[in-house]
file query_28.pdb (PDB, C-alpha atoms)
ATOM      1  CA  GLY A   1       1.787 -11.588 -21.349
ATOM      2  CA  GLU A   2       0.081 -13.167 -24.350
ATOM      3  CA  ALA A   3      -3.105 -14.121 -22.457
ATOM      4  CA  GLY A   4      -3.523 -10.668 -20.926
ATOM      5  CA  ALA A   5      -2.948  -8.944 -24.247
ATOM      6  CA  ALA A   6      -5.574 -11.162 -25.884
ATOM      7  CA  LEU A   7      -8.168 -10.243 -23.241
ATOM      8  CA  VAL A   8      -7.435  -6.547 -23.552
ATOM      9  CA  ASP A   9      -7.683  -6.711 -27.344
ATOM     10  CA  CYS A  10     -10.771  -8.961 -27.503
ATOM     11  CA  SER A  11     -13.886  -7.194 -28.810
ATOM     12  CA  HIS A  12     -16.123  -9.390 -26.622
ATOM     13  CA  VAL A  13     -14.551  -8.066 -23.404
ATOM     14  CA  ASP A  14     -16.424  -4.912 -22.408
ATOM     15  CA  LYS A  15     -14.152  -3.753 -19.588
ATOM     16  CA  VAL A  16     -10.817  -4.646 -18.005
ATOM     17  CA  ILE A  17     -10.085  -4.577 -14.270
ATOM     18  CA  PHE A  18      -6.338  -4.933 -13.781
ATOM     19  CA  THR A  19      -4.134  -5.299 -10.694
ATOM     20  CA  GLY A  20      -0.394  -5.002 -11.203
ATOM     21  CA  SER A  21       2.470  -2.595 -11.726
ATOM     22  CA  PRO A  22       2.160   0.952 -13.128
ATOM     23  CA  GLY A  23       4.261  -0.064 -16.135
ATOM     24  CA  VAL A  24       1.973  -2.920 -17.120
ATOM     25  CA  GLY A  25      -1.064  -0.801 -16.259
ATOM     26  CA  ARG A  26      -0.012   1.719 -18.884
ATOM     27  CA  LYS A  27       0.259  -1.087 -21.440
ATOM     28  CA  VAL A  28      -3.255  -2.230 -20.526
ATOM     29  CA  MET A  29      -4.524   1.330 -21.051
ATOM     30  CA  GLU A  30      -2.753   1.551 -24.379
ATOM     31  CA  GLY A  31      -4.183  -1.758 -25.573
ATOM     32  CA  ALA A  32      -7.695  -0.905 -24.402
ATOM     33  CA  SER A  33      -7.599   2.479 -26.117
ATOM     34  CA  LYS A  34      -7.735   0.830 -29.560
ATOM     35  CA  ASN A  35     -11.357  -0.145 -28.905
ATOM     36  CA  LEU A  36     -12.088   2.720 -26.463
ATOM     37  CA  LYS A  37     -12.482   0.042 -23.802
ATOM     38  CA  PRO A  38     -12.822   1.321 -20.203
ATOM     39  CA  VAL A  39     -10.372   0.084 -17.576
ATOM     40  CA  ILE A  40     -10.007   0.051 -13.801
ATOM     41  CA  LEU A  41      -6.375   0.045 -12.677
ATOM     42  CA  GLU A  42      -5.125  -0.928  -9.209
ATOM     43  CA  LEU A  43      -1.376  -0.438  -9.571
ATOM     44  CA  GLY A  44       0.083  -1.018  -6.156
ATOM     45  CA  GLY A  45       1.040   1.377  -3.426
ATOM     46  CA  LYS A  46       3.529   2.685  -0.953
ATOM     47  CA  ASP A  47       1.189   3.324   1.919
ATOM     48  CA  PRO A  48       2.140   5.647   4.779
ATOM     49  CA  MET A  49       1.414   4.945   8.444
ATOM     50  CA  VAL A  50       1.738   7.982  10.727
ATOM     51  CA  PHE A  51       2.370   7.895  14.489
ATOM     52  CA  CYS A  52       1.782  11.294  16.094
ATOM     53  CA  ASP A  53       3.627  12.355  19.232
ATOM     54  CA  ASP A  54       0.628  11.654  21.497
ATOM     55  CA  VAL A  55       0.264   7.914  20.775
ATOM     56  CA  LYS A  56       1.029   5.158  23.276
ATOM     57  CA  ILE A  57       4.002   3.413  21.719
ATOM     58  CA  LYS A  58       3.186  -0.018  23.133
ATOM     59  CA  ASP A  59      -0.260   0.178  21.558
ATOM     60  CA  VAL A  60       0.868   1.129  18.041
ATOM     61  CA  ILE A  61       3.797  -1.282  17.725
ATOM     62  CA  PRO A  62       1.523  -4.228  16.779
ATOM     63  CA  TRP A  63       0.009  -2.126  13.984
ATOM     64  CA  ALA A  64       3.441  -1.283  12.622
ATOM     65  CA  MET A  65       4.488  -4.933  12.747
ATOM     66  CA  ARG A  66       1.387  -6.123  10.949
ATOM     67  CA  GLY A  67       1.450  -3.320   8.399
ATOM     68  CA  CYS A  68       5.054  -3.914   7.392
ATOM     69  CA  PHE A  69       5.473  -7.683   7.727
ATOM     70  CA  GLN A  70       2.079  -9.206   6.944
ATOM     71  CA  ASN A  71       2.532 -11.551   3.965
ATOM     72  CA  SER A  72       6.243 -10.708   4.197
ATOM     73  CA  GLY A  73       5.401  -7.214   3.001
ATOM     74  CA  GLN A  74       3.851  -8.548  -0.214
ATOM     75  CA  ASN A  75       0.626  -6.651   0.107
ATOM     76  CA  CYS A  76      -0.545  -3.866  -2.201
ATOM     77  CA  CYS A  77      -1.944  -1.918   0.758
ATOM     78  CA  GLY A  78       0.913  -2.842   3.105
ATOM     79  CA  VAL A  79       2.808  -0.164   5.020
ATOM     80  CA  GLU A  80       5.953   0.854   3.153
ATOM     81  CA  ARG A  81       6.567   4.202   4.865
ATOM     82  CA  LEU A  82       6.371   4.649   8.623
ATOM     83  CA  PHE A  83       6.313   8.308   9.728
ATOM     84  CA  VAL A  84       7.196   8.673  13.422
ATOM     85  CA  TYR A  85       7.135  12.039  15.173
ATOM     86  CA  GLU A  86      10.473  13.280  16.450
ATOM     87  CA  SER A  87       9.741  13.246  20.198
ATOM     88  CA  ILE A  88       8.826   9.526  20.190
ATOM     89  CA  HIS A  89      11.140   8.379  17.393
ATOM     90  CA  ASP A  90      14.021   7.022  19.481
ATOM     91  CA  GLU A  91      11.788   5.270  22.006
ATOM     92  CA  PHE A  92       9.735   3.731  19.219
ATOM     93  CA  LEU A  93      12.880   2.442  17.526
ATOM     94  CA  ASP A  94      14.242   0.992  20.778
ATOM     95  CA  LYS A  95      11.013  -0.872  21.456
ATOM     96  CA  ILE A  96      10.242  -2.184  17.997
ATOM     97  CA  LEU A  97      13.693  -3.534  17.114
ATOM     98  CA  PRO A  98      13.510  -6.487  19.549
ATOM     99  CA  LYS A  99      10.097  -7.374  18.122
ATOM    100  CA  VAL A 100      11.400  -7.466  14.559
ATOM    101  CA  LYS A 101      14.536  -9.378  15.483
ATOM    102  CA  ALA A 102      12.390 -11.978  17.242
ATOM    103  CA  LEU A 103      10.284 -12.773  14.166
ATOM    104  CA  ARG A 104      10.506 -16.442  13.228
ATOM    105  CA  GLN A 105      11.036 -17.048   9.538
ATOM    106  CA  GLY A 106      10.543 -20.243   7.594
ATOM    107  CA  VAL A 107       8.082 -22.538   5.833
ATOM    108  CA  PRO A 108       4.984 -22.979   8.001
ATOM    109  CA  LEU A 109       3.709 -26.175   6.369
ATOM    110  CA  ALA A 110       3.754 -29.402   8.378
ATOM    111  CA  THR A 111       4.401 -31.274   5.136
ATOM    112  CA  CYS A 112       7.766 -29.547   5.082
ATOM    113  CA  GLY A 113       8.587 -30.838   8.544
ATOM    114  CA  ASN A 114       7.665 -27.675  10.433
ATOM    115  CA  THR A 115       5.337 -27.045  13.355
ATOM    116  CA  GLY A 116       3.759 -23.953  11.885
ATOM    117  CA  ASP A 117       5.382 -21.627  14.436
ATOM    118  CA  VAL A 118       6.398 -19.124  11.792
ATOM    119  CA  ASP A 119       5.810 -15.371  11.705
ATOM    120  CA  CYS A 120       7.298 -14.453   8.346
ATOM    121  CA  GLY A 121       7.379 -16.596   5.229
ATOM    122  CA  SER A 122       9.118 -16.350   1.885
ATOM    123  CA  MET A 123       9.010 -13.999  -1.067
ATOM    124  CA  ILE A 124       6.913 -15.108  -4.030
ATOM    125  CA  MET A 125       9.149 -13.936  -6.863
ATOM    126  CA  GLU A 126      12.898 -14.451  -7.010
ATOM    127  CA  GLY A 127      13.359 -11.283  -9.036
ATOM    128  CA  GLN A 128      11.676  -9.173  -6.375
ATOM    129  CA  MET A 129      14.374 -10.139  -3.882
ATOM    130  CA  ASP A 130      16.954  -8.493  -6.109
ATOM    131  CA  ILE A 131      14.816  -5.331  -6.268
ATOM    132  CA  VAL A 132      14.497  -5.256  -2.479
ATOM    133  CA  GLN A 133      18.256  -5.640  -2.108
ATOM    134  CA  GLU A 134      18.932  -2.820  -4.580
ATOM    135  CA  LEU A 135      16.595  -0.456  -2.724
ATOM    136  CA  ILE A 136      18.121  -1.243   0.670
ATOM    137  CA  ASP A 137      21.685  -0.922  -0.622
ATOM    138  CA  ASP A 138      20.832   2.440  -2.187
ATOM    139  CA  ALA A 139      19.309   3.690   1.077
ATOM    140  CA  VAL A 140      22.316   2.622   3.169
ATOM    141  CA  GLN A 141      24.734   4.199   0.690
ATOM    142  CA  LYS A 142      22.805   7.475   1.012
ATOM    143  CA  GLY A 143      22.881   7.515   4.801
ATOM    144  CA  ALA A 144      20.060   5.330   6.128
ATOM    145  CA  THR A 145      20.790   3.146   9.170
ATOM    146  CA  LEU A 146      20.286  -0.595   8.742
ATOM    147  CA  HIS A 147      19.322  -2.019  12.148
ATOM    148  CA  CYS A 148      18.586  -5.622  11.194
ATOM    149  CA  GLY A 149      18.032  -7.796   8.154
ATOM    150  CA  GLY A 150      19.013  -6.316   4.821
ATOM    151  CA  ARG A 151      19.919  -9.634   3.220
ATOM    152  CA  ARG A 152      18.664 -13.039   2.151
ATOM    153  CA  ASN A 153      18.280 -15.385   5.095
ATOM    154  CA  PRO A 154      21.456 -17.523   4.995
ATOM    155  CA  ALA A 155      19.933 -20.172   7.264
ATOM    156  CA  LEU A 156      17.088 -21.023   4.883
ATOM    157  CA  LYS A 157      16.881 -22.427   1.393
ATOM    158  CA  GLY A 158      14.564 -20.622  -0.957
ATOM    159  CA  GLN A 159      13.304 -17.084  -1.388
ATOM    160  CA  PHE A 160      13.560 -15.845   2.197
ATOM    161  CA  TYR A 161      14.497 -12.246   2.879
ATOM    162  CA  GLU A 162      15.167 -11.322   6.484
ATOM    163  CA  PRO A 163      12.740  -8.904   8.186
ATOM    164  CA  THR A 164      14.481  -5.557   7.862
ATOM    165  CA  VAL A 165      14.391  -2.203   9.662
ATOM    166  CA  LEU A 166      15.771   1.011   8.182
ATOM    167  CA  SER A 167      15.740   4.403   9.892
ATOM    168  CA  GLY A 168      16.941   7.787   8.729
ATOM    169  CA  VAL A 169      15.124   7.304   5.426
ATOM    170  CA  THR A 170      15.036  10.510   3.365
ATOM    171  CA  PRO A 171      13.345  11.595   0.099
ATOM    172  CA  SER A 172      16.631  11.280  -1.812
ATOM    173  CA  MET A 173      16.544   7.494  -1.431
ATOM    174  CA  ARG A 174      14.862   5.292  -4.000
ATOM    175  CA  ILE A 175      13.156   3.356  -1.224
ATOM    176  CA  SER A 176      11.166   6.511  -0.393
ATOM    177  CA  ARG A 177       9.574   6.491  -3.837
ATOM    178  CA  GLU A 178       9.678   2.987  -5.301
ATOM    179  CA  GLU A 179       7.518   0.074  -4.217
ATOM    180  CA  VAL A 180       9.454  -2.457  -2.107
ATOM    181  CA  PHE A 181       6.936  -5.285  -1.830
ATOM    182  CA  GLY A 182       9.030  -7.100   0.744
ATOM    183  CA  PRO A 183       9.530  -7.441   4.539
ATOM    184  CA  VAL A 184      11.055  -4.001   5.106
ATOM    185  CA  MET A 185      10.150  -1.348   7.685
ATOM    186  CA  CYS A 186      11.233   2.133   6.538
ATOM    187  CA  ILE A 187      11.125   4.713   9.332
ATOM    188  CA  VAL A 188      10.965   8.423   8.538
ATOM    189  CA  GLU A 189      11.363  10.924  11.393
ATOM    190  CA  VAL A 190       8.878  13.817  11.350
ATOM    191  CA  PRO A 191      10.746  16.944  12.505
ATOM    192  CA  ASN A 192       9.442  19.054  15.388
ATOM    193  CA  ASP A 193       6.305  16.910  15.756
ATOM    194  CA  ASP A 194       4.823  19.095  13.039
ATOM    195  CA  ASP A 195       1.623  17.965  11.333
ATOM    196  CA  ASP A 196       2.213  20.173   8.290
ATOM    197  CA  ALA A 197       5.714  18.783   7.833
ATOM    198  CA  CYS A 198       4.316  15.260   8.103
ATOM    199  CA  VAL A 199       1.714  15.841   5.388
ATOM    200  CA  ALA A 200       4.359  17.344   3.126
ATOM    201  CA  LEU A 201       6.655  14.346   3.616
ATOM    202  CA  VAL A 202       3.831  11.922   2.891
ATOM    203  CA  ASN A 203       2.516  13.663  -0.214
ATOM    204  CA  ASP A 204       5.581  15.190  -1.841
ATOM    205  CA  THR A 205       8.089  12.339  -1.741
ATOM    206  CA  CYS A 206       6.076   9.599  -3.435
ATOM    207  CA  GLU A 207       3.843   9.278  -6.503
ATOM    208  CA  PHE A 208       1.780   6.373  -5.172
ATOM    209  CA  GLY A 209      -1.551   7.027  -3.451
ATOM    210  CA  LEU A 210      -3.415   3.847  -2.500
ATOM    211  CA  GLY A 211      -4.091   3.656   1.261
ATOM    212  CA  SER A 212      -3.011   5.543   4.376
ATOM    213  CA  SER A 213      -3.417   5.462   8.148
ATOM    214  CA  VAL A 214      -2.824   7.972  10.925
ATOM    215  CA  TYR A 215      -2.660   7.294  14.672
ATOM    216  CA  SER A 216      -3.241   9.918  17.343
ATOM    217  CA  ALA A 217      -4.733  10.079  20.837
ATOM    218  CA  ARG A 218      -7.158  12.608  19.358
ATOM    219  CA  GLY A 219      -9.434  11.252  16.684
ATOM    220  CA  ASP A 220     -10.099  14.692  15.275
ATOM    221  CA  ARG A 221      -6.359  15.232  14.789
ATOM    222  CA  SER A 222      -5.797  11.945  12.958
ATOM    223  CA  ALA A 223      -8.847  12.599  10.785
ATOM    224  CA  LYS A 224      -7.631  16.109   9.941
ATOM    225  CA  ILE A 225      -4.180  14.857   8.939
ATOM    226  CA  GLY A 226      -5.722  11.999   6.975
ATOM    227  CA  SER A 227      -7.985  14.347   5.040
ATOM    228  CA  ARG A 228      -4.886  16.070   3.659
ATOM    229  CA  ILE A 229      -3.121  12.892   2.528
ATOM    230  CA  ARG A 230      -3.597  12.301  -1.185
ATOM    231  CA  ALA A 231      -4.680   8.675  -1.280
ATOM    232  CA  GLY A 232      -7.697   6.672  -2.332
ATOM    233  CA  MET A 233      -8.279   5.268   1.168
ATOM    234  CA  PHE A 234      -7.694   6.344   4.770
ATOM    235  CA  THR A 235      -8.124   4.790   8.197
ATOM    236  CA  SER A 236      -7.958   6.613  11.521
ATOM    237  CA  ASN A 237      -6.262   4.702  14.336
ATOM    238  CA  ASP A 238      -6.565   1.452  12.404
ATOM    239  CA  PHE A 239      -4.942  -0.371   9.499
ATOM    240  CA  GLY A 240      -6.224  -2.416   6.584
ATOM    241  CA  VAL A 241      -9.808  -2.655   7.801
ATOM    242  CA  ASN A 242     -11.019  -0.873   4.668
ATOM    243  CA  TYR A 243      -9.605  -3.742   2.607
ATOM    244  CA  LEU A 244     -11.717  -6.235   4.573
ATOM    245  CA  ILE A 245     -14.993  -4.313   4.351
ATOM    246  CA  GLN A 246     -16.286  -5.337   0.951
ATOM    247  CA  SER A 247     -19.045  -2.729   1.051
ATOM    248  CA  LEU A 248     -16.370  -0.044   0.663
ATOM    249  CA  PRO A 249     -14.778   0.918  -2.675
ATOM    250  CA  PHE A 250     -11.119  -0.055  -3.062
ATOM    251  CA  GLY A 251      -8.667   1.900  -5.193
ATOM    252  CA  GLY A 252      -6.150   4.716  -5.342
ATOM    253  CA  VAL A 253      -4.931   7.831  -7.097
ATOM    254  CA  LYS A 254      -1.753   8.956  -8.872
ATOM    255  CA  GLU A 255       0.559   6.023  -9.690
ATOM    256  CA  SER A 256      -1.764   3.685  -7.775
ATOM    257  CA  GLY A 257      -4.271   3.909 -10.617
ATOM    258  CA  PHE A 258      -7.906   4.931 -10.878
ATOM    259  CA  GLY A 259     -11.402   3.498 -10.667
ATOM    260  CA  ARG A 260     -12.764   1.334  -7.850
ATOM    261  CA  PHE A 261     -13.691  -2.258  -7.223
ATOM    262  CA  ALA A 262     -15.817  -3.580  -4.338
ATOM    263  CA  GLY A 263     -18.624  -1.585  -2.787
ATOM    264  CA  PRO A 264     -21.537  -0.079  -4.727
ATOM    265  CA  GLU A 265     -19.039   1.892  -6.813
ATOM    266  CA  GLY A 266     -17.308  -1.319  -7.869
ATOM    267  CA  LEU A 267     -20.567  -3.014  -8.817
ATOM    268  CA  ARG A 268     -21.713   0.057 -10.709
ATOM    269  CA  GLY A 269     -18.403   0.070 -12.549
ATOM    270  CA  CYS A 270     -19.259  -3.348 -13.982
ATOM    271  CA  CYS A 271     -22.575  -2.104 -15.333
ATOM    272  CA  LEU A 272     -23.492  -0.212 -18.464
ATOM    273  CA  GLU A 273     -25.088   3.012 -17.281
ATOM    274  CA  ARG A 274     -27.874   3.792 -19.708
ATOM    275  CA  GLU A 275     -30.452   6.514 -19.775
ATOM    276  CA  ALA A 276     -34.063   5.668 -20.691
ATOM    277  CA  VAL A 277     -36.900   8.184 -20.920
ATOM    278  CA  LYS A 278     -40.642   7.481 -21.233
ATOM    279  CA  ASP A 279     -43.137  10.329 -21.487
ATOM    280  CA  ARG A 280     -45.836  10.257 -18.824
ATOM    281  CA  ILE A 281     -48.071  12.461 -20.962
ATOM    282  CA  PRO A 282     -48.021  11.590 -24.677
ATOM    283  CA  ARG A 283     -47.470  14.674 -26.822
ATOM    284  CA  GLY A 284     -48.659  13.163 -30.071
ATOM    285  CA  ARG A 285     -50.342  10.113 -31.449
ATOM    286  CA  THR A 286     -47.901   7.423 -32.486
ATOM    287  CA  ALA A 287     -50.437   4.682 -33.155
ATOM    288  CA  ARG A 288     -53.928   4.347 -34.623
TER     289      ARG A 288
END

call {"tool": "encode", "arguments": {"input": "query_28.pdb", "output": "C-alpha cells"}}
result
Amino acid sequence: GEAGAALVDCSHVDKVIFTGSPGVGRKVMEGASKNLKPVILELGGKDPMVFCDDVKIKDVIPWAMRGCFQNSGQNCCGVERLFVYESIHDEFLDKILPKVKALRQGVPLATCGNTGDVDCGSMIMEGQMDIVQELIDDAVQKGATLHCGGRRNPALKGQFYEPTVLSGVTPSMRISREEVFGPVMCIVEVPNDDDDACVALVNDTCEFGLGSSVYSARGDRSAKIGSRIRAGMFTSNDFGVNYLIQSLPFGGVKESGFGRFAGPEGLRGCCLEREAVKDRIPRGRTAR
C-alpha cells in the first residue's frame, strides 16, 4: 500500500521488518534495494506436524486440533500439513473426525448475544475464504477425501468457514504447496512408517519453511527427524512453544523469508554493528 511503500522508500528508516505474503515481501525487498536498506522478512508458512507410528493417538489429537484450528487456522506458524504414519493413519482419522465435527463455531462476544461457548471463530478477510474454497475444490477434484466442512457455514452470517478435514492429500494438489490460512486439516499418509519417506514428503513438496514439529515416543527419533526438516524452527513433541518464548529467534527459510526477530538475534538485528579499535600501546606520538 501507499503507507508501506513510503516507509520502505524513506531515507530516515534504517531497516524494515515485514510480515506478510511472499509476493509483497519481494516488493519490499525491491523497494529497499534502491537505498541498500536491510530487511527482515517473515512471509508466512505451511508448517508440518508429524505423528510417528509409536505415538499415543489420544495424546496427540489435542495438538493436531490446536495446530490446525487455533485462530481458525489464521496463524503464520499454524499447522497446514499433518503427516500421519501409515499404521496409525486410519485410527487417527476415526478418532479425530468426531472432535472436529463437534467444534462450535460462531461469534464469542456477549455483546453479540452469545455466551462465549465458541471453539472456532470467523475468517478475517473475505477474499481469503475464496482462496480456501479454491484450494479445497482443487484437492477434491484431484482425489482427496473431504470428511467434513469444505464450505462457508450456512447457519451463520459473516465470514465463517466450517472446520474442514481432508485426507489423501498428495503433492499434486495445490493445497500441498500453497498457504491456506484457514480452518483446514490436511492429512498426508506416510507410507510404510518410513522416516526417510516422511522427511522427503515434508521437504520436497512445499517451498515454505517456517516452523515444524515431530511427535514420537522416542525423543531421539523426533529430534533426528526434525534436524532433517528444512525450516527455521522445530519443536519435539510440542507445538508453538517456540513462538511464545520471546528469548528465542523467530523466522524461517525458503519462501518463509529470512532474518530473525525476537531473541538476542532479533535485538542484534535492530542494531548497527560497528567495529572500533583503540591501540593499547601507542605506536607513535599524535599529540605534543

call {"tool": "residues_around", "arguments": {"input": "query_28.pdb", "residues": "A:Thr145", "least_positions_apart": "5", "cutoff": "8 Å", "atoms": "all atoms listed in the file", "output": "VMD selection string"}}
result
chain A and resid 140 166 to 169

call {"tool": "atom_distance", "arguments": {"input": "query_28.pdb", "atom1": "atom CA of A:Thr19", "atom2": "atom CA of A:Phe51"}}
result
29.2 Å

call {"tool": "atom_distance", "arguments": {"input": "query_28.pdb", "atom1": "atom CA of A:Ile96", "atom2": "atom CA of A:His147"}}
result
10.8 Å

call {"tool": "residues_around", "arguments": {"input": "query_28.pdb", "residues": "A:Asn35", "least_positions_apart": "5", "cutoff": "9 Å", "atoms": "only C-alpha atoms", "output": "ChimeraX atom specification"}}
result
/A:9-11

call {"tool": "closest_residue", "arguments": {"input": "query_28.pdb", "among": "A:Gly232, A:Gly150, A:Gly73, A:Gly263", "to": "A:Met123", "atoms": "all atoms listed in the file"}}
result
A:Gly73

call {"tool": "resolve_selection", "arguments": {"input": "query_28.pdb", "expression": "the PyMOL selection byres ((chain A and resi 245-253) around 12)", "output": "PyMOL selection string"}}
result
chain A and resi 17-19+22+40-47+76-77+203+206-212+229-234+239-244+254-269

call {"tool": "atom_distance", "arguments": {"input": "query_28.pdb", "atom1": "atom CA of A:Glu80", "atom2": "atom CA of A:Met29"}}
result
26.4 Å

call {"tool": "closest_residue", "arguments": {"input": "query_28.pdb", "among": "A:Val180, A:Ile175, A:Asp14, A:Ile57", "to": "A:Pro38", "atoms": "all atoms listed in the file"}}
result
A:Asp14

call {"tool": "closest_residue", "arguments": {"input": "query_28.pdb", "among": "A:Lys142, A:Ile61, A:Cys186, A:Gln105", "to": "A:Pro154", "atoms": "all atoms listed in the file"}}
result
A:Gln105

call {"tool": "resolve_selection", "arguments": {"input": "query_28.pdb", "expression": "the PyMOL selection byres ((chain A and resi 216-220) around 10)", "output": "PDB file with C-alpha atoms, keeping the file's coordinate frame"}}
result
ATOM      1  CA  VAL A  50       1.738   7.982  10.727  1.00  0.00           C
ATOM      2  CA  PHE A  51       2.370   7.895  14.489  1.00  0.00           C
ATOM      3  CA  CYS A  52       1.782  11.294  16.094  1.00  0.00           C
ATOM      4  CA  ASP A  53       3.627  12.355  19.232  1.00  0.00           C
ATOM      5  CA  ASP A  54       0.628  11.654  21.497  1.00  0.00           C
ATOM      6  CA  VAL A  55       0.264   7.914  20.775  1.00  0.00           C
ATOM      7  CA  LYS A  56       1.029   5.158  23.276  1.00  0.00           C
ATOM      8  CA  VAL A  60       0.868   1.129  18.041  1.00  0.00           C
ATOM      9  CA  VAL A 214      -2.824   7.972  10.925  1.00  0.00           C
ATOM     10  CA  TYR A 215      -2.660   7.294  14.672  1.00  0.00           C
ATOM     11  CA  ARG A 221      -6.359  15.232  14.789  1.00  0.00           C
ATOM     12  CA  SER A 222      -5.797  11.945  12.958  1.00  0.00           C
ATOM     13  CA  ALA A 223      -8.847  12.599  10.785  1.00  0.00           C
ATOM     14  CA  LYS A 224      -7.631  16.109   9.941  1.00  0.00           C
ATOM     15  CA  ILE A 225      -4.180  14.857   8.939  1.00  0.00           C
ATOM     16  CA  GLY A 226      -5.722  11.999   6.975  1.00  0.00           C
ATOM     17  CA  SER A 236      -7.958   6.613  11.521  1.00  0.00           C
ATOM     18  CA  ASN A 237      -6.262   4.702  14.336  1.00  0.00           C
TER      19      ASN A 237
END

call {"tool": "closest_residue", "arguments": {"input": "query_28.pdb", "among": "A:Arg66, A:His89, A:Lys37, A:Arg177", "to": "A:Lys15", "atoms": "all atoms listed in the file"}}
result
A:Lys37

call {"tool": "closest_residue", "arguments": {"input": "query_28.pdb", "among": "A:Cys198, A:Asp238, A:Pro98, A:Cys270", "to": "A:Val84", "atoms": "all atoms listed in the file"}}
result
A:Cys198

call {"tool": "resolve_selection", "arguments": {"input": "query_28.pdb", "expression": "the PyMOL selection byres ((chain A and resi 31) around 10)", "output": "list in words"}}
result
Ala5, Ala6, Leu7, Val8, Asp9, Cys10, Gly25, Arg26, Lys27, Val28, Met29, Glu30, Ala32, Ser33, Lys34, Asn35, Leu36 and Lys37 of chain A

call {"tool": "closest_residue", "arguments": {"input": "query_28.pdb", "among": "A:Arg228, A:Phe92, A:Phe69, A:Pro191", "to": "A:Tyr161", "atoms": "all atoms listed in the file"}}
result
A:Phe69

call {"tool": "axis_aligned_box", "arguments": {"input": "query_28.pdb", "around": "stretch 148-167 of chain A", "padding_each_side": "5 Å", "output": "lines of an AutoDock Vina configuration file"}}
result
center_x = 17.1
center_y = -9.0
center_z = 4.9
size_x = 18.7
size_y = 36.8
size_z = 22.6

call {"tool": "residues_around", "arguments": {"input": "query_28.pdb", "residues": "stretch 115-118 of chain A", "least_positions_apart": "3", "cutoff": "9 Å", "atoms": "all atoms listed in the file", "output": "count of residues only"}}
result
10

call {"tool": "residues_around", "arguments": {"input": "query_28.pdb", "residues": "A:Ser176", "least_positions_apart": "4", "cutoff": "8 Å", "atoms": "all atoms listed in the file", "output": "MDAnalysis selection string"}}
result
chainID A and resid 81 169:172 205:206
